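A short worksheet on the structure shown next.
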Amino acid sequence: MMTNRKQLLIVYICLALGAWSASAGVSFSQSNGDANRTSRDNTTVQHRSEKTVDDSDQGSSVIASYYKDGKKKKKKSTAAEEPKLSEKQKATKELNEHSWVEEAGKHPLPYEVVEGKAVSEELAHWWKVFNDPVLDQLIDLTLKNNRQLEVARSRVRQGRLQLGIAEAQRLPWLDASGSWSANRGQGEWDSDQDAIKNLPIPDKMTRNVETGKLGIDARWEIDIFGRQKAKSRAASNSLQASQADLYSTWVSLSGETALQYMSLRTLQEQLRITEEDVKRQQEALELIKINYQSGIINELPVQQATYALSQTQAEIPSLKKNIAFTMSALSILTGTVPGEVDGLLMENTSLPAVDPHMFIGIPAEALRQRPDIQAAERRIAAQQQKTKAAKADLKPRFSLNGSIGLESFSSGGLISAIGKMIGIGPSITMPIFNAGAIRKNIKVQTEKEQEYLALYEETVLKAVGEVRNAVTDASQDHIKSEELKSAVESAQQAESLAQTNFDSGISDYLSVLDARRNVLSARRQYIMSRGQEFADTVRLFKSLGGGWEAMDMEQEAEADSHVKK
């Protein structure tokens, strides 16, 4: 009786420990669910366990917590070693202890920037600012059909499943089990025994023994030292990194689609200008031929005009070839068969009628939207949890095992019994000798933290550089465009004066041809500069991480529909 009480006491203790571990996990999920709802820096995910991310893992505080842990370790070292930091370590520490947004505005741009309005309100649907329905349709097609986005969605689905696997490890597992065995044997009775020597039984007999079991086995690892919880957090952070990668892919593809579209419109505008100039030259050549046939002028202007016309016409095939290549590139980006969207792209061949200069600016709050930065932060947080799980491997593991079922026994018709089977009890395992494998794994996971931290810092530096370059390009190309606009007007006036002088006999026809070439060249340069302005604006929106919020709101249902398939 005392033995049974001791066993029950052990079971109650294990159950209490398990309840304590489970309750800790539940309160963790609840508290962090609130944090995720109020934090816009993290990606919204549609899994019930995706909100199991620690508050200390949110946003750039991951990096701050990393250096905070480093400070705690340094306090344990000697006072003489404490202030010894290399210049590179000091710079890295300063970079990560401050917001990278502050770093973006810490140093002025090297050249004067023409100020425009902030773009935070346009970032969500930045392509809408161009007021171009064709561009809107192309970006919608890219979002629906692009294969790179499907790859990114698949990785998100994999992350959700991995999180489900990690969460399942924290719950009890039930397994159904069954077995049956039959043994057949022969034996001799000891007839010399007084108890059986007078019984009417043969000297030899065959005995059949059958046993069977049917039941349910249960096992539950009581996560006292947080090993399974750390794995669950790592999976949750990895899922958020995959979600951020999905948004990063969307930002990149939407930007590339817009850039190709602006390049196409620039080429089409150049083709239109060239064809217009060809018509003007053909009309002028006809007039010159009439004057030559009338004996007013000699043959030299005719040959000069013919040469200029042929030279201009020779430029048209190259423009058409580049237009065809750009259309094919847009078809690939939109996930359609090359040629399918050509009709859409030929409807309107002009650049958008909007001033891109008005959108130049760096809203500090918008810089935080870059999904590649958030993905890098999530990977650091995931790796930190993997390191915690590796450290927990040094600790003992407590488990609660149980079984319930039926057991039968039959022995040749002599004995036959069926009974119930119930068993429950705790178990503990602790590593003693593993040739240092566990500690080496801890060092490996720690080094991976350093790797992801370095990647995060590199991502931050690249992001700041991209924003600065985009703002400078947009501002300087705007100044260039304004100067080329004035150049076009001056070239047209010069052409008009040259034509007047030729008609008056003051100058030869060569000056007219030179003036026309200058007009055509100036108009082309101006169109290219205008196209570059729009491309700079697209790069600015892209460098600020624009567009992924729109995908979060509008395409989340579509991404989830892929999960249900």
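Chain labels A, B, ... are given in the sequence in which chains occur in the structure tokens; within each chain residues are numbered consecutively from 1, and ligands are likewise numbered from 1 in the order shown.
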
Could you give me, as a PyMOL selection string, the residues within 9 Å of region 256-267 of chain A, counting only C-alpha atoms and dropping anything in the same chain fewer than 2 positions from it? chain A and resi 127+135+138-139+142+251-254+269-272+319-320+322-324+326-327+329-330+333-334+345+348-352+527-528+530-532+534-536+538-539

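Within 9 Å of Ile216 (chain A), once only C-alpha atoms are used and residues closer than 4 positions along the same chain are dropped, the contacting residues are Leu174, Asp175, Ala176, Ser177, Gly178, Gly402, Ser403, Ile404 and Gly405 of chain A.
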
With N, CA and C atoms kept, could you save the residues just selected as a PDB file, in the first residue's frame?
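Result file result_6.pdb:
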ATOM      1  N   LEU A 174       0.171  10.306 -28.575  1.00  0.00           N
ATOM      2  CA  LEU A 174      -0.541   9.054 -28.344  1.00  0.00           C
ATOM      3  C   LEU A 174      -0.288   8.121 -29.527  1.00  0.00           C
ATOM      4  N   ASP A 175       0.037   6.861 -29.206  1.00  0.00           N
ATOM      5  CA  ASP A 175       0.270   5.852 -30.237  1.00  0.00           C
ATOM      6  C   ASP A 175      -0.573   4.621 -29.917  1.00  0.00           C
ATOM      7  N   ALA A 176      -1.244   4.108 -30.925  1.00  0.00           N
ATOM      8  CA  ALA A 176      -1.960   2.843 -30.768  1.00  0.00           C
ATOM      9  C   ALA A 176      -0.989   1.690 -31.025  1.00  0.00           C
ATOM     10  N   SER A 177      -1.068   0.672 -30.183  1.00  0.00           N
ATOM     11  CA  SER A 177      -0.164  -0.465 -30.320  1.00  0.00           C
ATOM     12  C   SER A 177      -0.948  -1.762 -30.168  1.00  0.00           C
ATOM     13  N   GLY A 178      -0.502  -2.763 -30.838  1.00  0.00           N
ATOM     14  CA  GLY A 178      -1.120  -4.087 -30.745  1.00  0.00           C
ATOM     15  C   GLY A 178      -0.108  -5.158 -31.104  1.00  0.00           C
ATOM     16  N   GLY A 402       2.818   6.595 -20.245  1.00  0.00           N
ATOM     17  CA  GLY A 402       1.654   5.866 -19.768  1.00  0.00           C
ATOM     18  C   GLY A 402       1.102   4.966 -20.852  1.00  0.00           C
ATOM     19  N   SER A 403       0.340   3.966 -20.442  1.00  0.00           N
ATOM     20  CA  SER A 403      -0.299   3.060 -21.390  1.00  0.00           C
ATOM     21  C   SER A 403      -1.574   2.508 -20.783  1.00  0.00           C
ATOM     22  N   ILE A 404      -2.516   2.175 -21.650  1.00  0.00           N
ATOM     23  CA  ILE A 404      -3.766   1.582 -21.217  1.00  0.00           C
ATOM     24  C   ILE A 404      -4.242   0.652 -22.329  1.00  0.00           C
ATOM     25  N   GLY A 405      -4.780  -0.506 -21.937  1.00  0.00           N
ATOM     26  CA  GLY A 405      -5.219  -1.429 -22.966  1.00  0.00           C
ATOM     27  C   GLY A 405      -5.660  -2.762 -22.389  1.00  0.00           C
TER      28      GLY A 405
END

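Note that the spacing between CA of Phe541 (chain A) and CA of Asp245 (chain A) amounts to 17.5 Å.
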
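Counting from CA of Ile418 (chain A), the distance to CA of Leu214 (chain A) is 11.0 Å.
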
Give me the residues within 7 Å of region 501-511 of chain A as a PyMOL selection string, counting only C-alpha atoms and dropping any in the same chain fewer than 4 places off. chain A and resi 301+497+515

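Atom to atom, CA of Lys485 (chain A) and CA of Ser529 (chain A) stand 9.5 Å apart.
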
Min atom-atom distance to Gln240 (chain A) from the set A:Arg153, A:Arg378, A:Lys386, A:Lys440, counting only C-alpha atoms, belongs to A:Arg378

Which of region 312-509 of chain A DSSP labels strand (DSSP E), written as a ChimeraX atom specification: /A:397-411,415-429

Excluding region 148-150 of chain A and residues on its chain fewer than 4 positions from it, collect all residues at most 8 Å away from it, counting only C-alpha atoms, and give them as an MDAnalysis selection string. chainID A and resid 143 154 246 249:250

Could you save the residues just selected, with N, CA and C atoms, as a PDB file, in the first residue's frame?
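again.pdb, written as the output of this step:
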ATOM      1  N   LEU A 143       2.011  40.015 -59.708  1.00  0.00           N
ATOM      2  CA  LEU A 143       1.685  39.471 -58.393  1.00  0.00           C
ATOM      3  C   LEU A 143       0.973  38.126 -58.500  1.00  0.00           C
ATOM      4  N   SER A 154       5.703  29.228 -51.435  1.00  0.00           N
ATOM      5  CA  SER A 154       5.939  27.844 -51.026  1.00  0.00           C
ATOM      6  C   SER A 154       6.816  27.787 -49.779  1.00  0.00           C
ATOM      7  N   LEU A 246       9.055  36.855 -48.665  1.00  0.00           N
ATOM      8  CA  LEU A 246       7.978  36.923 -49.658  1.00  0.00           C
ATOM      9  C   LEU A 246       7.690  38.370 -50.025  1.00  0.00           C
ATOM     10  N   THR A 249      10.539  39.814 -52.064  1.00  0.00           N
ATOM     11  CA  THR A 249      10.446  39.388 -53.464  1.00  0.00           C
ATOM     12  C   THR A 249       9.415  40.211 -54.202  1.00  0.00           C
ATOM     13  N   TRP A 250       8.297  40.486 -53.548  1.00  0.00           N
ATOM     14  CA  TRP A 250       7.253  41.301 -54.169  1.00  0.00           C
ATOM     15  C   TRP A 250       7.747  42.715 -54.438  1.00  0.00           C
TER      16      TRP A 250
END
